[in-house]
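Q: Please read through the structure below; I'll follow up with questions.
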Amino acid sequence: MRLRPLVALIFLVGSGSAAAADLVVSAASSLTDAFQAVGKAYEAKHPGTHVVLNFAASDVLLRQIASGAPADVFASADETAMDKAVAAKAVDPASRQDFASNRLVLIVPKGGKLRVTSPVDLKADTVKRVAYGDPASVPVGRYTKAALEQQGLWDVISAKGVLAQNVRQSLDYVARGEVDAGFVFATDATIMKDKVEVAATVPTPKPITYPIAVVVDSKQAKEAASFEAFVQSPEGRGILAGFGFQAP
């Protein structure tokens, strides 16, 4: 079966393309729906600001920023990506704060015939393909690898692995039935309840936390800090909670 690649997602909140006066927010793919809502709410409170949202795997976003792509705010899906951003001097470490948390879940196609209720079930010969983010560049992949290594399952399951470019691609593979199971964040699974089922919540060695920071080269550092503060405000936290994100 040929797996169709899902390109990095770029959504614009409002209209038009990125310009000098735009506030560009580069955020992890799993934040797509929540940050679209956050961006609209922020614009409502700041009529003169146009928020441009750029979504992709966290490490991909970091490479874009390090290469000079316009960005004012960076929000990643794990601490590793943000650690890399700090080491690369791409973000202001003083502005770094955790703003949300998530959970790792194992999902299967809705109505599937295979019995999968835990990662252990993925060892069965009947399970041929398992989707998860590439651990080399995708936070959900790193969480998945660490969780499976902790359970002594990584070697056998990774042999069936179908690497995804971001968490939404892993979700898409499962939703289309192109794989037998996949690992995504709990918040991602909720957006396709009609096509996927959560088979199990998977414990991770480290909590799944989302950090945010102002990009060093931002020409709108004050506005970027304002957006970051809004994300962590009661209104911002409320919007995130509506999409299943928990407090950090």
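Following the order of the structure tokens, first chain is A, next is B, and so on, with residues numbered from 1 inside each chain and ligands from 1 in the order they appear.
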Could the residues of region 84-190 of chain A that have an atom at most 6 Å from region 207-219 of chain A be listed as CSV, each with its closest atom pair and the distance in Å to one decimal, counting only C-alpha atoms and ordered by chain and ascending residue number?
A:
residue,atom,partner,partner_atom,distance
A:Ala90,CA,A:Val216,CA,5.5
A:Val91,CA,A:Val215,CA,4.2
A:Asp92,CA,A:Val216,CA,5.4
A:Ser95,CA,A:Ala213,CA,5.1
A:Arg96,CA,A:Ala213,CA,4.4
A:Gln97,CA,A:Pro211,CA,5.3
A:Asp98,CA,A:Pro211,CA,4.0
A:Phe99,CA,A:Tyr210,CA,5.9
A:Ala100,CA,A:Tyr210,CA,5.2
A:Ser101,CA,A:Thr209,CA,4.3
A:Asn102,CA,A:Ile208,CA,5.3
Q: For the selection just defined, write its residues with C-alpha atoms to a file, as a short mmCIF file (atom, residue, chain, number, x, y, z; two decimals), in the first residue's frame.
A:
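Everything below was put into out-v9.cif:
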data_model
loop_
_atom_site.label_atom_id
_atom_site.label_comp_id
_atom_site.auth_asym_id
_atom_site.auth_seq_id
_atom_site.Cartn_x
_atom_site.Cartn_y
_atom_site.Cartn_z
CA ALA A 90 17.04 30.99 18.20
CA VAL A 91 14.79 31.96 21.12
CA ASP A 92 15.11 34.16 24.19
CA SER A 95 10.90 34.13 27.76
CA ARG A 96 10.61 30.35 27.82
CA GLN A 97 7.61 29.00 29.73
CA ASP A 98 5.55 25.80 29.72
CA PHE A 99 1.94 26.52 28.81
CA ALA A 100 0.20 23.15 28.33
CA SER A 101 0.47 19.39 28.74
CA ASN A 102 -0.87 16.38 26.87
#
Q: Check which residues of region 125-196 of chain A sit at most 10 Å from region 19-30 of chain A using only C-alpha atoms, and return one row each with the closest pair of atoms and their distance in Å to one decimal, ordered by chain and rising number, as JSON lines.
A:
{"residue": "A:Val138", "atom": "CA", "partner": "A:Ala28", "partner_atom": "CA", "distance": 9.3}
{"residue": "A:Pro139", "atom": "CA", "partner": "A:Ala28", "partner_atom": "CA", "distance": 8.9}
{"residue": "A:Val140", "atom": "CA", "partner": "A:Ser30", "partner_atom": "CA", "distance": 9.2}
{"residue": "A:Gln165", "atom": "CA", "partner": "A:Ser29", "partner_atom": "CA", "distance": 9.9}
{"residue": "A:Asn166", "atom": "CA", "partner": "A:Ser29", "partner_atom": "CA", "distance": 6.6}
{"residue": "A:Val167", "atom": "CA", "partner": "A:Ser30", "partner_atom": "CA", "distance": 6.5}
{"residue": "A:Arg168", "atom": "CA", "partner": "A:Ser29", "partner_atom": "CA", "distance": 6.6}
{"residue": "A:Gln169", "atom": "CA", "partner": "A:Ser29", "partner_atom": "CA", "distance": 9.4}
{"residue": "A:Val184", "atom": "CA", "partner": "A:Ser30", "partner_atom": "CA", "distance": 8.9}
{"residue": "A:Phe185", "atom": "CA", "partner": "A:Ser30", "partner_atom": "CA", "distance": 7.4}
{"residue": "A:Ala186", "atom": "CA", "partner": "A:Ser30", "partner_atom": "CA", "distance": 9.5}
{"residue": "A:Thr187", "atom": "CA", "partner": "A:Ser30", "partner_atom": "CA", "distance": 7.4}
{"residue": "A:Asp188", "atom": "CA", "partner": "A:Ser30", "partner_atom": "CA", "distance": 6.3}
Q: Apply DSSP to the structure's backbone, then extract all residues of region 126-210 of chain A labelled strand (DSSP E) and return them as a PyMOL selection string.
A: chain A and resi 130-133+161-164+181-185+196-202+208-210
Q: Could you give me, as a tab-separated table, a per-residue list for region 47-85 of chain A showing, wherever an atom lies at most 12 Å from an atom of region 121-135 of chain A, the closest pair of atoms and their distance in Å to one decimal, using only C-alpha atoms and sorting by chain then residue number from low to high?
A:
residue	atom	partner	partner_atom	distance
A:Ala56	CA	A:Gly133	CA	11.8
A:Ala57	CA	A:Gly133	CA	8.9
A:Ser58	CA	A:Gly133	CA	11.2
A:Asp59	CA	A:Pro135	CA	10.3
A:Val60	CA	A:Asp134	CA	11.5
A:Asp78	CA	A:Pro135	CA	11.8
A:Thr80	CA	A:Pro135	CA	11.1
A:Ala81	CA	A:Pro135	CA	11.5
Q: Can you work out which one of A:Ala146, A:Val179, A:Ile239, A:Leu104 has the shortest atom-to-atom distance to Ala77 (chain A), counting only C-alpha atoms?
A: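 Counting only C-alpha atoms, the residue closest to Ala77 (chain A) is A:Leu104.
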Q: Just how far from CA of Phe245 (chain A) is CA of Leu31 (chain A), in Å to one decimal?
A: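 Straight-line distance from CA of Leu31 (chain A) to CA of Phe245 (chain A) works out to 9.2 Å.
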Q: Just how far from CA of Ser67 (chain A) is CA of Ala87 (chain A), in Å to one decimal?
A: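 Separation between CA of Ala87 (chain A) and CA of Ser67 (chain A): 14.5 Å.
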Q: Determine the nearest neighbour of Thr117 (chain A) from the options A:Gln150, A:Lys206, A:Ala181, A:Ala224, counting only C-alpha atoms.
A: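 Closest candidate: A:Ala181.
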Q: List the neighbours of Ala199 (chain A) out to 12 Å using only C-alpha atoms; skip same-chain residues closer than 6 positions along the sequence, and give me the result as a list in words.
A: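 Near neighbours after the sequence-gap exclusion: Leu104, Val105, Leu106, Ile107, Val108, Pro109, Lys110, Gly111, Gly112, Leu114, Arg115, Val116, Thr117, Ser118, Pro119, Val120, Asp121, Leu122, Asp180, Ala181, Gly182, Phe183, Val184, Ala186 and Ala189 of chain A.
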Q: Restricting the calculation to only C-alpha atoms: of A:Val196, A:Ile191, A:Leu61, A:Val162, which residue gets closest to Val174 (chain A)?
A: A:Val196
Q: Could you please write out, as a PyMOL selection string, every residue of region 69-169 of chain A that DSSP assigns to alpha helix (DSSP H)?
A: chain A and resi 79-87+139-150+154-158+167-169
Q: Generate the output file for the selected residues, N, CA and C atoms, as a PDB file, in the first residue's frame.
A:
ATOM      1  N   GLU A  79      10.105  19.456  25.315  1.00  0.00           N
ATOM      2  CA  GLU A  79      11.211  20.257  25.840  1.00  0.00           C
ATOM      3  C   GLU A  79      12.468  20.092  24.989  1.00  0.00           C
ATOM      4  N   THR A  80      12.636  18.928  24.354  1.00  0.00           N
ATOM      5  CA  THR A  80      13.830  18.677  23.549  1.00  0.00           C
ATOM      6  C   THR A  80      13.957  19.682  22.421  1.00  0.00           C
ATOM      7  N   ALA A  81      12.865  19.920  21.697  1.00  0.00           N
ATOM      8  CA  ALA A  81      12.899  20.878  20.595  1.00  0.00           C
ATOM      9  C   ALA A  81      13.217  22.277  21.101  1.00  0.00           C
ATOM     10  N   MET A  82      12.644  22.643  22.243  1.00  0.00           N
ATOM     11  CA  MET A  82      12.915  23.977  22.784  1.00  0.00           C
ATOM     12  C   MET A  82      14.345  24.061  23.314  1.00  0.00           C
ATOM     13  N   ASP A  83      14.854  22.969  23.872  1.00  0.00           N
ATOM     14  CA  ASP A  83      16.253  22.945  24.310  1.00  0.00           C
ATOM     15  C   ASP A  83      17.174  23.213  23.118  1.00  0.00           C
ATOM     16  N   LYS A  84      16.843  22.603  21.981  1.00  0.00           N
ATOM     17  CA  LYS A  84      17.629  22.813  20.760  1.00  0.00           C
ATOM     18  C   LYS A  84      17.539  24.270  20.315  1.00  0.00           C
ATOM     19  N   ALA A  85      16.366  24.852  20.462  1.00  0.00           N
ATOM     20  CA  ALA A  85      16.178  26.253  20.076  1.00  0.00           C
ATOM     21  C   ALA A  85      17.015  27.176  20.943  1.00  0.00           C
ATOM     22  N   VAL A  86      17.073  26.875  22.233  1.00  0.00           N
ATOM     23  CA  VAL A  86      17.886  27.670  23.154  1.00  0.00           C
ATOM     24  C   VAL A  86      19.362  27.515  22.818  1.00  0.00           C
ATOM     25  N   ALA A  87      19.785  26.273  22.581  1.00  0.00           N
ATOM     26  CA  ALA A  87      21.186  26.002  22.254  1.00  0.00           C
ATOM     27  C   ALA A  87      21.593  26.698  20.964  1.00  0.00           C
ATOM     28  N   PRO A 139       8.346  15.352  18.073  1.00  0.00           N
ATOM     29  CA  PRO A 139       8.174  15.102  19.504  1.00  0.00           C
ATOM     30  C   PRO A 139       7.337  13.873  19.840  1.00  0.00           C
ATOM     31  N   VAL A 140       6.187  13.671  19.161  1.00  0.00           N
ATOM     32  CA  VAL A 140       5.362  12.510  19.504  1.00  0.00           C
ATOM     33  C   VAL A 140       6.124  11.217  19.241  1.00  0.00           C
ATOM     34  N   GLY A 141       7.034  11.247  18.273  1.00  0.00           N
ATOM     35  CA  GLY A 141       7.869  10.079  18.010  1.00  0.00           C
ATOM     36  C   GLY A 141       8.858   9.835  19.134  1.00  0.00           C
ATOM     37  N   ARG A 142       9.401  10.917  19.674  1.00  0.00           N
ATOM     38  CA  ARG A 142      10.337  10.767  20.801  1.00  0.00           C
ATOM     39  C   ARG A 142       9.623  10.228  22.033  1.00  0.00           C
ATOM     40  N   TYR A 143       8.422  10.752  22.280  1.00  0.00           N
ATOM     41  CA  TYR A 143       7.643  10.244  23.423  1.00  0.00           C
ATOM     42  C   TYR A 143       7.278   8.776  23.217  1.00  0.00           C
ATOM     43  N   THR A 144       6.918   8.418  21.994  1.00  0.00           N
ATOM     44  CA  THR A 144       6.548   7.039  21.688  1.00  0.00           C
ATOM     45  C   THR A 144       7.718   6.094  21.898  1.00  0.00           C
ATOM     46  N   LYS A 145       8.855   6.463  21.381  1.00  0.00           N
ATOM     47  CA  LYS A 145      10.045   5.614  21.519  1.00  0.00           C
ATOM     48  C   LYS A 145      10.402   5.416  22.985  1.00  0.00           C
ATOM     49  N   ALA A 146      10.400   6.501  23.755  1.00  0.00           N
ATOM     50  CA  ALA A 146      10.744   6.404  25.177  1.00  0.00           C
ATOM     51  C   ALA A 146       9.745   5.532  25.928  1.00  0.00           C
ATOM     52  N   ALA A 147       8.458   5.673  25.608  1.00  0.00           N
ATOM     53  CA  ALA A 147       7.418   4.887  26.282  1.00  0.00           C
ATOM     54  C   ALA A 147       7.563   3.404  25.964  1.00  0.00           C
ATOM     55  N   LEU A 148       7.820   3.084  24.693  1.00  0.00           N
ATOM     56  CA  LEU A 148       7.945   1.688  24.294  1.00  0.00           C
ATOM     57  C   LEU A 148       9.251   1.072  24.798  1.00  0.00           C
ATOM     58  N   GLU A 149      10.305   1.854  24.847  1.00  0.00           N
ATOM     59  CA  GLU A 149      11.559   1.351  25.418  1.00  0.00           C
ATOM     60  C   GLU A 149      11.370   1.015  26.888  1.00  0.00           C
ATOM     61  N   GLN A 150      10.611   1.842  27.580  1.00  0.00           N
ATOM     62  CA  GLN A 150      10.343   1.606  28.999  1.00  0.00           C
ATOM     63  C   GLN A 150       9.596   0.295  29.210  1.00  0.00           C
ATOM     64  N   TRP A 154      10.066  -1.561  22.162  1.00  0.00           N
ATOM     65  CA  TRP A 154      10.497  -0.723  21.054  1.00  0.00           C
ATOM     66  C   TRP A 154      11.014  -1.522  19.857  1.00  0.00           C
ATOM     67  N   ASP A 155      11.879  -2.488  20.092  1.00  0.00           N
ATOM     68  CA  ASP A 155      12.491  -3.230  18.980  1.00  0.00           C
ATOM     69  C   ASP A 155      11.452  -3.930  18.111  1.00  0.00           C
ATOM     70  N   VAL A 156      10.518  -4.628  18.742  1.00  0.00           N
ATOM     71  CA  VAL A 156       9.535  -5.387  17.973  1.00  0.00           C
ATOM     72  C   VAL A 156       8.528  -4.481  17.269  1.00  0.00           C
ATOM     73  N   ILE A 157       8.142  -3.370  17.917  1.00  0.00           N
ATOM     74  CA  ILE A 157       7.151  -2.486  17.309  1.00  0.00           C
ATOM     75  C   ILE A 157       7.782  -1.573  16.258  1.00  0.00           C
ATOM     76  N   SER A 158       8.998  -1.115  16.502  1.00  0.00           N
ATOM     77  CA  SER A 158       9.650  -0.249  15.517  1.00  0.00           C
ATOM     78  C   SER A 158       9.925  -0.988  14.215  1.00  0.00           C
ATOM     79  N   VAL A 167       2.656  14.641  13.860  1.00  0.00           N
ATOM     80  CA  VAL A 167       1.636  13.854  14.551  1.00  0.00           C
ATOM     81  C   VAL A 167       0.335  13.761  13.750  1.00  0.00           C
ATOM     82  N   ARG A 168       0.006  14.796  13.007  1.00  0.00           N
ATOM     83  CA  ARG A 168      -1.220  14.768  12.226  1.00  0.00           C
ATOM     84  C   ARG A 168      -1.135  13.766  11.070  1.00  0.00           C
ATOM     85  N   GLN A 169       0.053  13.525  10.553  1.00  0.00           N
ATOM     86  CA  GLN A 169       0.203  12.520   9.512  1.00  0.00           C
ATOM     87  C   GLN A 169      -0.008  11.128  10.093  1.00  0.00           C
TER      88      GLN A 169
END
Q: Interatomic distance between CA of Val198 (chain A) and CA of Gln246 (chain A)?
A: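 Here the two named atoms are 17.9 Å from each other.
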Q: Within 10 Å of Met192 (chain A), counting only C-alpha atoms, which residues qualify if same-chain residues fewer than 6 places away don't, as number ranges by chain?
A: A: 110, 171-172, 175
